[in-house]
Amino acid sequence: MKNVVVTKDLVKEFGKLRAVNRLNLEIQKGEVYGFIGPNGSGKTTTIKILCGLLEATYGESFVLGRRMPDPSVYPRIGYMPQESALYPDLTVSHTIGFFGELYGLRKGEIEKREKELLAFVDLKGRRRTLVSNLSGGMKHRLSLAVSLIHNPELLFLDEPTVGIDPELRASFWEYFGNLTDEGVTVLITTHYMDEASKCDRVGMIREGKLVAVGTPEELKKETDTVSLEDSFLHFIRRSD
Ligand SMILES: Nc1ncnc2c1ncn2[C@@H]1O[C@H](COP(=O)(O)OP(=O)(O)OP(=O)(O)O)[C@@H](O)[C@H]1O
Ligand SMILES: [Mg+2]
């Protein structure tokens with residue numbers, strides 16, 4: 001199986017704080033990889049390094065076969081940040097247009113993607129609404145649509161389902177499954193264990209270190225627990 005993300009003893013320090021501590025990740029092409037861990041365990045920091053937004057202090061990371069940071073990778077990856085990065089003064093439609101142009105899509109392609117993506121995130125009726133007037137969950141949905149606009153091969157989704165209603169959450173997961181059928185790889189962080197259970201593999205991170213990795217079934221078996229939540233608590237508390 002081909003790895004599309006690899007990190008080798010990745011370290012990120014913010015002054016005296018070591019947010020990522022010799023992290024070794026291997027993510028395979030076409031899988032939904034759940035990256036889970038407590039608040040402050042280094043998930044967002046790791047994702048930012050993998051997207052070229054932060055520089056590692058030590059160690060190496062490879063994305064789609066390129067050593068990061070490498071700008072040639074950027075058009076091939078999609079990133080939905082944990083904090084909204086949308087412009088409040090743009091309408092929904094203009095937001096899609098703006099990011100579509102940024103990725104160099106042609107007008108016709110942008111129009112086609114806008115239709116598809118706004119249907120997917122259920123914002124078709126909001127094309128002319130200003131981002132500042134969307135509800136919190138709607139902003140999140142638009143942010144997900146933006147991360148998908150250029151049909152990326154690899155998606156980094158940092159808590160994409162926070163504040164999303166259950167029906168839409170279910171449709172998001174269905175969509176992620178469809179994407180991976182087409183060979184797209186998805187790295188997703190979540191604090192919802194029912195979602196983590198839907199991932200092909202889960203990596204558990206604690207204080208910047210990977211403490212467990214495997215399919216949800218493997219992780220439950222390893223800890224002799226019936227729920228992934230119990231397995232998570234086992235791994236997260238183990239070295240206390
Ligand atoms: N720019 C920064 N400067 C200083 N410290 C930072 C910075 N960014 C993150 N940190 C610290 O690094 C640690 C890891 O943060 P990070 O955002 O990666 O955690 P996380 O696993 O994504 O948490 P959450 O589940 O709450 O999103 C935290 O202690 C955080 O305070
Ligand atoms: Mg985070």
# chains A, B, ... in the order shown; residues from 1 in each chain; ligands from 1

call {"tool": "closest_atom_pairs", "arguments": {"of": "segment 25-121 of chain A", "to": "segment 226-232 of chain A", "cutoff": "12 Å", "atoms": "only C-alpha atoms", "output": "JSON lines"}}
result
{"residue": "A:Gly34", "atom": "CA", "partner": "A:Leu228", "partner_atom": "CA", "distance": 11.9}
{"residue": "A:Phe35", "atom": "CA", "partner": "A:Phe232", "partner_atom": "CA", "distance": 11.6}
{"residue": "A:Ile36", "atom": "CA", "partner": "A:Phe232", "partner_atom": "CA", "distance": 8.7}
{"residue": "A:Gly37", "atom": "CA", "partner": "A:Phe232", "partner_atom": "CA", "distance": 8.2}
{"residue": "A:Pro38", "atom": "CA", "partner": "A:Phe232", "partner_atom": "CA", "distance": 9.7}

call {"tool": "residues_near_ligand", "arguments": {"ligand": "ligand 2", "cutoff": "9 Å", "atoms": "only C-alpha atoms and all ligand atoms", "output": "ChimeraX atom specification"}}
result
/A:39-45,47,81-83,158-159,189-190

call {"tool": "write_last_selection", "arguments": {"atoms": "C-alpha atoms", "output": "PDB file, in the first residue's frame"}}
result
ATOM      1  CA  ASN A  39      -7.387  19.011  23.304  1.00  0.00           C
ATOM      2  CA  GLY A  40      -3.888  20.352  22.883  1.00  0.00           C
ATOM      3  CA  SER A  41      -2.340  17.006  21.902  1.00  0.00           C
ATOM      4  CA  GLY A  42      -0.864  18.408  18.674  1.00  0.00           C
ATOM      5  CA  LYS A  43      -3.345  17.448  15.943  1.00  0.00           C
ATOM      6  CA  THR A  44      -3.837  20.894  14.394  1.00  0.00           C
ATOM      7  CA  THR A  45      -0.115  21.654  14.677  1.00  0.00           C
ATOM      8  CA  ILE A  47      -1.831  19.176  10.077  1.00  0.00           C
ATOM      9  CA  PRO A  81      -8.903  24.555   9.043  1.00  0.00           C
ATOM     10  CA  GLN A  82     -10.336  24.215  12.522  1.00  0.00           C
ATOM     11  CA  GLU A  83     -10.811  27.993  12.632  1.00  0.00           C
ATOM     12  CA  ASP A 158      -9.650  19.522  11.069  1.00  0.00           C
ATOM     13  CA  GLU A 159     -12.856  18.859  13.015  1.00  0.00           C
ATOM     14  CA  THR A 189      -9.738  14.914  13.256  1.00  0.00           C
ATOM     15  CA  THR A 190     -12.759  14.537  15.446  1.00  0.00           C
TER      16      THR A 190
END

call {"tool": "residues_around", "arguments": {"residues": "Met80 of chain A", "least_positions_apart": "2", "cutoff": "9 Å", "atoms": "only C-alpha atoms", "output": "MDAnalysis selection string"}}
result
chainID A and resid 78 82:85 140 143:148 155:160

call {"tool": "atom_distance", "arguments": {"atom1": "atom CA of Tyr74 of chain A", "atom2": "atom CA of Leu179 of chain A"}}
result
18.6 Å

call {"tool": "atom_distance", "arguments": {"atom1": "atom CA of Asp181 of chain A", "atom2": "atom CA of Leu142 of chain A"}}
result
23.1 Å

call {"tool": "atom_distance", "arguments": {"atom1": "atom CA of Pro69 of chain A", "atom2": "atom CA of Gly52 of chain A"}}
result
4.9 Å

call {"tool": "closest_residue", "arguments": {"among": "A:Glu174, A:Glu182, A:Glu55, A:Glu195", "to": "Lys12 of chain A", "atoms": "only C-alpha atoms"}}
result
A:Glu55

call {"tool": "closest_residue", "arguments": {"among": "A:Val121, A:Glu26, A:Gly136, A:Ile149", "to": "Ala170 of chain A", "atoms": "only C-alpha atoms"}}
result
A:Val121

call {"tool": "select_by_dssp", "arguments": {"residues": "segment 155-234 of chain A", "states": "strand (DSSP E)", "output": "list in words"}}
result
Leu155, Phe156, Leu157, Asp158, Thr185, Val186, Leu187, Ile188, Thr189, Arg201, Val202, Gly203, Met204, Ile205, Arg206, Lys209, Leu210, Val211, Ala212, Val213 and Gly214 of chain A

call {"tool": "select_by_dssp", "arguments": {"residues": "segment 93-218 of chain A", "states": "helix (DSSP H, G or I)", "output": "ChimeraX atom specification"}}
result
/A:93-102,107-120,124-126,131-133,136-148,166-181,193-196,216-218

call {"tool": "closest_atom_pairs", "arguments": {"of": "segment 107-177 of chain A", "to": "segment 88-101 of chain A", "cutoff": "10 Å", "atoms": "only C-alpha atoms", "output": "CSV"}}
result
residue,atom,partner,partner_atom,distance
A:Lys107,CA,A:Glu101,CA,8.1
A:Glu109,CA,A:Gly100,CA,8.5
A:Ile110,CA,A:Gly100,CA,5.8
A:Glu111,CA,A:Gly97,CA,8.0
A:Arg113,CA,A:Ile96,CA,8.5
A:Glu114,CA,A:Ile96,CA,6.4
A:Lys115,CA,A:Ser93,CA,9.6
A:Leu117,CA,A:Ile96,CA,9.1
A:Leu118,CA,A:Ser93,CA,8.9
A:Leu123,CA,A:Val92,CA,8.2
A:Lys124,CA,A:Val92,CA,9.2
A:Gly125,CA,A:Val92,CA,9.9
A:Arg126,CA,A:Val92,CA,6.7
A:Arg127,CA,A:Ser93,CA,4.9
A:Arg128,CA,A:Thr91,CA,5.3
A:Thr129,CA,A:Thr91,CA,5.1
A:Leu130,CA,A:Thr91,CA,4.0
A:Val131,CA,A:Pro88,CA,4.7
A:Ser132,CA,A:Pro88,CA,4.5
A:Asn133,CA,A:Pro88,CA,8.1
A:Leu134,CA,A:Val92,CA,8.9
A:Met138,CA,A:Val92,CA,9.9
A:Lys139,CA,A:Val92,CA,9.1
A:Leu142,CA,A:Val92,CA,7.4
A:Ser143,CA,A:Thr95,CA,9.4
A:Ala145,CA,A:Ile96,CA,7.9
A:Val146,CA,A:Ile96,CA,6.3
A:Ser147,CA,A:Phe99,CA,8.9
A:Leu148,CA,A:Gly100,CA,9.9
A:Ile149,CA,A:Gly100,CA,6.4
A:His150,CA,A:Gly100,CA,7.0

call {"tool": "closest_residue", "arguments": {"among": "A:Ala119, A:Phe235, A:Ser135, A:Phe172", "to": "Gly203 of chain A", "atoms": "only C-alpha atoms"}}
result
A:Phe235

call {"tool": "residues_around", "arguments": {"residues": "segment 64-68 of chain A", "least_positions_apart": "5", "cutoff": "7 Å", "atoms": "only C-alpha atoms", "output": "VMD selection string"}}
result
chain A and resid 4 to 5 50 52

call {"tool": "closest_residue", "arguments": {"among": "A:Thr57, A:Ala196, A:Gly108, A:Lys221", "to": "Lys16 of chain A", "atoms": "only C-alpha atoms"}}
result
A:Thr57

call {"tool": "closest_residue", "arguments": {"among": "A:Arg76, A:Lys8, A:Lys48, A:Arg237", "to": "Glu207 of chain A", "atoms": "only C-alpha atoms"}}
result
A:Arg237

call {"tool": "closest_residue", "arguments": {"among": "A:Ile27, A:Val63, A:Met193, A:Leu154", "to": "Asn3 of chain A", "atoms": "only C-alpha atoms"}}
result
A:Ile27
